[in-house]
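This report concerns only the one structure given below.
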Amino acid sequence: MRVKIIFFFVILNLNMANAETNSIDINKILKNLRCLICQGQSVADSNSEFAQTIKLVVKDQIDDGKSEKQIYKFLIEKYGEWIVYKPPFNKVNFVLWLFPYLTFVIGGVIIFLFMKKRDNH
Amino acid sequence: MQKKIIKFSIILLIIFIIGVFFIGLNKNSIYDTKDLVGQKITNIQLKHFSEDIIITEKDFKKNDFTLINFWASWCGPCRDEHPLLLELKKEKKLKLLGVNFKDKKVNAIGFLNDLGNPYDDLAKDELGKLSVNFGIYGIPESILINKDLEILKKFIGPISKDDYKYIINIVRK
């Protein structure tokens, strides 16, 4: 009996995890899209004509079964990378993505050398 | 030696940060559509304004050049560019496709009756969703394409006299 109950909860958990990965959060996408005619507002925050149209298009694309990546790709093709707040990782933007990690590593090396030097003294 | 490496790393880091800021601050962050020039338009399906037919990219291939103009009767600047569109209608190698954007049919017909109809074909986009395929974010906007469906130029805002001359030069070449 105990094994059956555990088995039931394991299956239930797996199903819930699957459901979470399959559903797309429309608000997350809209918050990552820049309203091109607004001052510092995302599509999610804006009520402009442009934002309203983009909201409809994103909703349609989700209904058509498009993934988050496909939706961004479509909009970047039409409006350029400027439309997304989170820039994609590519040859132009790689420094932007790698810089924090590089700083972290270089900083670590500097601290290590500094500590080593202090220990030697 | 270690001191030198640390000094060198710090200087390098400072130069890099200044460089990033310098490039970033000099970069124009206002949205423009220069990236769209040279791209081909694909998957176009526009509803005809009055008939129950769909205008696709195949229809554009018949023309040497097509100017796709997004307009509405409620749009003030659309009235400013209208006389120039009527002039462009006279060009034999250029076809004009008007896309009536988020408008009421009665008002759109009234607008064309009052000011004249420069369009060879007329489509409608009641919700504005189809215009997203053209990278439209406001009206009036116009896109000049060639036979190969390549975007030659995108005009944001009303067509000016300079834009008119630019179109004429390309079409008459």
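Please note that chains go A, B, ... in the order of the structure tokens, that every chain numbers its residues from 1, and that ligands are numbered from 1 in the order shown.
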Where in range 35-90 of chain A does DSSP assign helix (DSSP H, G or I), given as a PyMOL selection string? chain A and resi 49-63+68-79+81-83
Interface list for chain B, partner chain A, 12 Å threshold, only C-alpha atoms, as number ranges by chain: B: 1-10, 12-14, 16-17, 20-21, 24, 28-37, 39-43, 101-102, 125-139, 151
Residues of chain B classed as strand (DSSP E) by DSSP on the backbone are to be reported as a VMD selection string. chain B and resid 45 to 48 54 to 56 65 to 71 94 to 101 121 to 125 141 to 146 151 to 156
Residues from last step as file, N, CA and C atoms, as a JSON list (two decimals), in the first residue's frame:
```
[["chain", "number", "residue", "atom", "x", "y", "z"],
["B", 45, "GLN", "N", 0.01, 37.61, -45.93],
["B", 45, "GLN", "CA", -1.39, 37.32, -46.25],
["B", 45, "GLN", "C", -2.21, 38.51, -45.78],
["B", 46, "LEU", "N", -2.64, 39.31, -46.74],
["B", 46, "LEU", "CA", -3.43, 40.50, -46.40],
["B", 46, "LEU", "C", -4.85, 40.36, -46.95],
["B", 47, "LYS", "N", -5.82, 40.72, -46.14],
["B", 47, "LYS", "CA", -7.22, 40.65, -46.62],
["B", 47, "LYS", "C", -7.48, 41.81, -47.56],
["B", 48, "HIS", "N", -8.14, 41.52, -48.68],
["B", 48, "HIS", "CA", -8.51, 42.58, -49.60],
["B", 48, "HIS", "C", -9.55, 43.49, -48.94],
["B", 54, "ILE", "N", -7.41, 37.04, -50.70],
["B", 54, "ILE", "CA", -6.21, 37.29, -49.89],
["B", 54, "ILE", "C", -5.08, 37.75, -50.82],
["B", 55, "ILE", "N", -4.43, 38.82, -50.41],
["B", 55, "ILE", "CA", -3.27, 39.31, -51.19],
["B", 55, "ILE", "C", -2.02, 38.67, -50.59],
["B", 56, "THR", "N", -1.25, 37.99, -51.44],
["B", 56, "THR", "CA", -0.03, 37.33, -50.95],
["B", 56, "THR", "C", 1.19, 37.90, -51.66],
["B", 65, "PHE", "N", 8.12, 47.27, -59.10],
["B", 65, "PHE", "CA", 8.28, 47.84, -57.76],
["B", 65, "PHE", "C", 6.89, 47.98, -57.12],
["B", 66, "THR", "N", 6.86, 47.78, -55.83],
["B", 66, "THR", "CA", 5.60, 47.99, -55.10],
["B", 66, "THR", "C", 5.87, 48.87, -53.89],
["B", 67, "LEU", "N", 5.01, 49.85, -53.71],
["B", 67, "LEU", "CA", 5.09, 50.65, -52.49],
["B", 67, "LEU", "C", 3.89, 50.27, -51.62],
["B", 68, "ILE", "N", 4.21, 49.67, -50.48],
["B", 68, "ILE", "CA", 3.13, 49.27, -49.56],
["B", 68, "ILE", "C", 2.98, 50.40, -48.55],
["B", 69, "ASN", "N", 1.81, 51.01, -48.57],
["B", 69, "ASN", "CA", 1.58, 52.18, -47.73],
["B", 69, "ASN", "C", 0.53, 51.87, -46.66],
["B", 70, "PHE", "N", 0.88, 52.06, -45.40],
["B", 70, "PHE", "CA", -0.05, 51.81, -44.28],
["B", 70, "PHE", "C", -0.69, 53.14, -43.88],
["B", 71, "TRP", "N", -1.99, 53.17, -43.91],
["B", 71, "TRP", "CA", -2.68, 54.44, -43.67],
["B", 71, "TRP", "C", -4.01, 54.21, -42.94],
["B", 94, "LEU", "N", 5.67, 51.38, -61.00],
["B", 94, "LEU", "CA", 5.39, 51.29, -59.56],
["B", 94, "LEU", "C", 3.91, 51.03, -59.31],
["B", 95, "LYS", "N", 3.66, 50.02, -58.46],
["B", 95, "LYS", "CA", 2.27, 49.77, -58.04],
["B", 95, "LYS", "C", 2.14, 50.17, -56.58],
["B", 96, "LEU", "N", 1.02, 50.72, -56.25],
["B", 96, "LEU", "CA", 0.79, 51.13, -54.86],
["B", 96, "LEU", "C", -0.24, 50.22, -54.19],
["B", 97, "LEU", "N", 0.18, 49.64, -53.07],
["B", 97, "LEU", "CA", -0.76, 48.84, -52.29],
["B", 97, "LEU", "C", -1.02, 49.58, -50.98],
["B", 98, "GLY", "N", -2.25, 49.93, -50.76],
["B", 98, "GLY", "CA", -2.61, 50.61, -49.52],
["B", 98, "GLY", "C", -3.10, 49.58, -48.51],
["B", 99, "VAL", "N", -2.61, 49.68, -47.28],
["B", 99, "VAL", "CA", -3.13, 48.81, -46.22],
["B", 99, "VAL", "C", -3.84, 49.70, -45.21],
["B", 100, "ASN", "N", -5.15, 49.57, -45.19],
["B", 100, "ASN", "CA", -5.96, 50.37, -44.28],
["B", 100, "ASN", "C", -5.83, 49.77, -42.87],
["B", 101, "PHE", "N", -5.30, 50.60, -41.95],
["B", 101, "PHE", "CA", -4.84, 50.11, -40.65],
["B", 101, "PHE", "C", -5.81, 50.50, -39.54],
["B", 121, "ASP", "N", -4.20, 48.67, -55.48],
["B", 121, "ASP", "CA", -4.87, 47.62, -54.72],
["B", 121, "ASP", "C", -5.02, 48.07, -53.28],
["B", 122, "LEU", "N", -6.03, 47.57, -52.64],
["B", 122, "LEU", "CA", -6.30, 48.01, -51.27],
["B", 122, "LEU", "C", -6.54, 46.81, -50.37],
["B", 123, "ALA", "N", -5.85, 46.79, -49.24],
["B", 123, "ALA", "CA", -6.02, 45.71, -48.27],
["B", 123, "ALA", "C", -6.43, 46.32, -46.94],
["B", 124, "LYS", "N", -6.87, 45.47, -46.02],
["B", 124, "LYS", "CA", -7.25, 46.00, -44.70],
["B", 124, "LYS", "C", -6.61, 45.16, -43.59],
["B", 125, "ASP", "N", -6.30, 45.84, -42.51],
["B", 125, "ASP", "CA", -5.75, 45.16, -41.34],
["B", 125, "ASP", "C", -6.48, 45.74, -40.13],
["B", 141, "GLU", "N", 3.38, 54.52, -42.51],
["B", 141, "GLU", "CA", 4.67, 53.92, -42.83],
["B", 141, "GLU", "C", 4.54, 53.33, -44.23],
["B", 142, "SER", "N", 5.64, 53.33, -44.96],
["B", 142, "SER", "CA", 5.62, 52.77, -46.32],
["B", 142, "SER", "C", 6.86, 51.92, -46.55],
["B", 143, "ILE", "N", 6.68, 50.88, -47.35],
["B", 143, "ILE", "CA", 7.80, 49.99, -47.66],
["B", 143, "ILE", "C", 7.91, 49.87, -49.18],
["B", 144, "LEU", "N", 9.10, 50.14, -49.68],
["B", 144, "LEU", "CA", 9.34, 49.98, -51.11],
["B", 144, "LEU", "C", 10.04, 48.65, -51.35],
["B", 145, "ILE", "N", 9.40, 47.80, -52.15],
["B", 145, "ILE", "CA", 10.00, 46.49, -52.45],
["B", 145, "ILE", "C", 10.15, 46.32, -53.97],
["B", 146, "ASN", "N", 11.06, 45.43, -54.34],
["B", 146, "ASN", "CA", 11.22, 45.16, -55.78],
["B", 146, "ASN", "C", 10.54, 43.84, -56.15],
["B", 151, "ILE", "N", 13.21, 44.27, -49.56],
["B", 151, "ILE", "CA", 12.88, 45.62, -49.06],
["B", 151, "ILE", "C", 14.00, 46.58, -49.46],
["B", 152, "LEU", "N", 13.65, 47.60, -50.26],
["B", 152, "LEU", "CA", 14.64, 48.57, -50.71],
["B", 152, "LEU", "C", 14.74, 49.74, -49.74],
["B", 153, "LYS", "N", 13.61, 50.09, -49.17],
["B", 153, "LYS", "CA", 13.61, 51.21, -48.24],
["B", 153, "LYS", "C", 12.32, 51.19, -47.42],
["B", 154, "LYS", "N", 12.46, 51.60, -46.15],
["B", 154, "LYS", "CA", 11.27, 51.70, -45.31],
["B", 154, "LYS", "C", 11.14, 53.16, -44.89],
["B", 155, "PHE", "N", 9.99, 53.73, -45.11],
["B", 155, "PHE", "CA", 9.76, 55.14, -44.78],
["B", 155, "PHE", "C", 8.89, 55.22, -43.53],
["B", 156, "ILE", "N", 9.46, 55.75, -42.47],
["B", 156, "ILE", "CA", 8.69, 55.88, -41.23],
["B", 156, "ILE", "C", 8.15, 57.30, -41.17]]
```
Cut-off 7 Å: closest range 104-164 of chain B/range 57-64 of chain B atom pairs per residue, using only C-alpha atoms, as a tab-separated table:
```
residue	atom	partner	partner_atom	distance
B:Asn146	CA	B:Asp64	CA	5.8
B:Lys147	CA	B:Lys61	CA	4.9
B:Asp148	CA	B:Lys61	CA	6.6
B:Leu149	CA	B:Lys61	CA	6.9
```
Using the selection just defined, write its residues with C-alpha atoms as a tab-separated table (two decimals), in the first residue's frame.
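Saved the output as part11.tsv:
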```tsv
chain	number	residue	atom	x	y	z
B	146	ASN	CA	11.22	45.16	-55.78
B	147	LYS	CA	10.17	42.20	-57.91
B	148	ASP	CA	12.27	39.84	-55.80
B	149	LEU	CA	10.32	40.97	-52.71
```
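Minimum atom-to-atom distances from A:Tyr101, A:Gly108, A:Asn120, A:Ile71 to Val84 in chain A were compared using only C-alpha atoms, and the lowest value belongs to A:Ile71.
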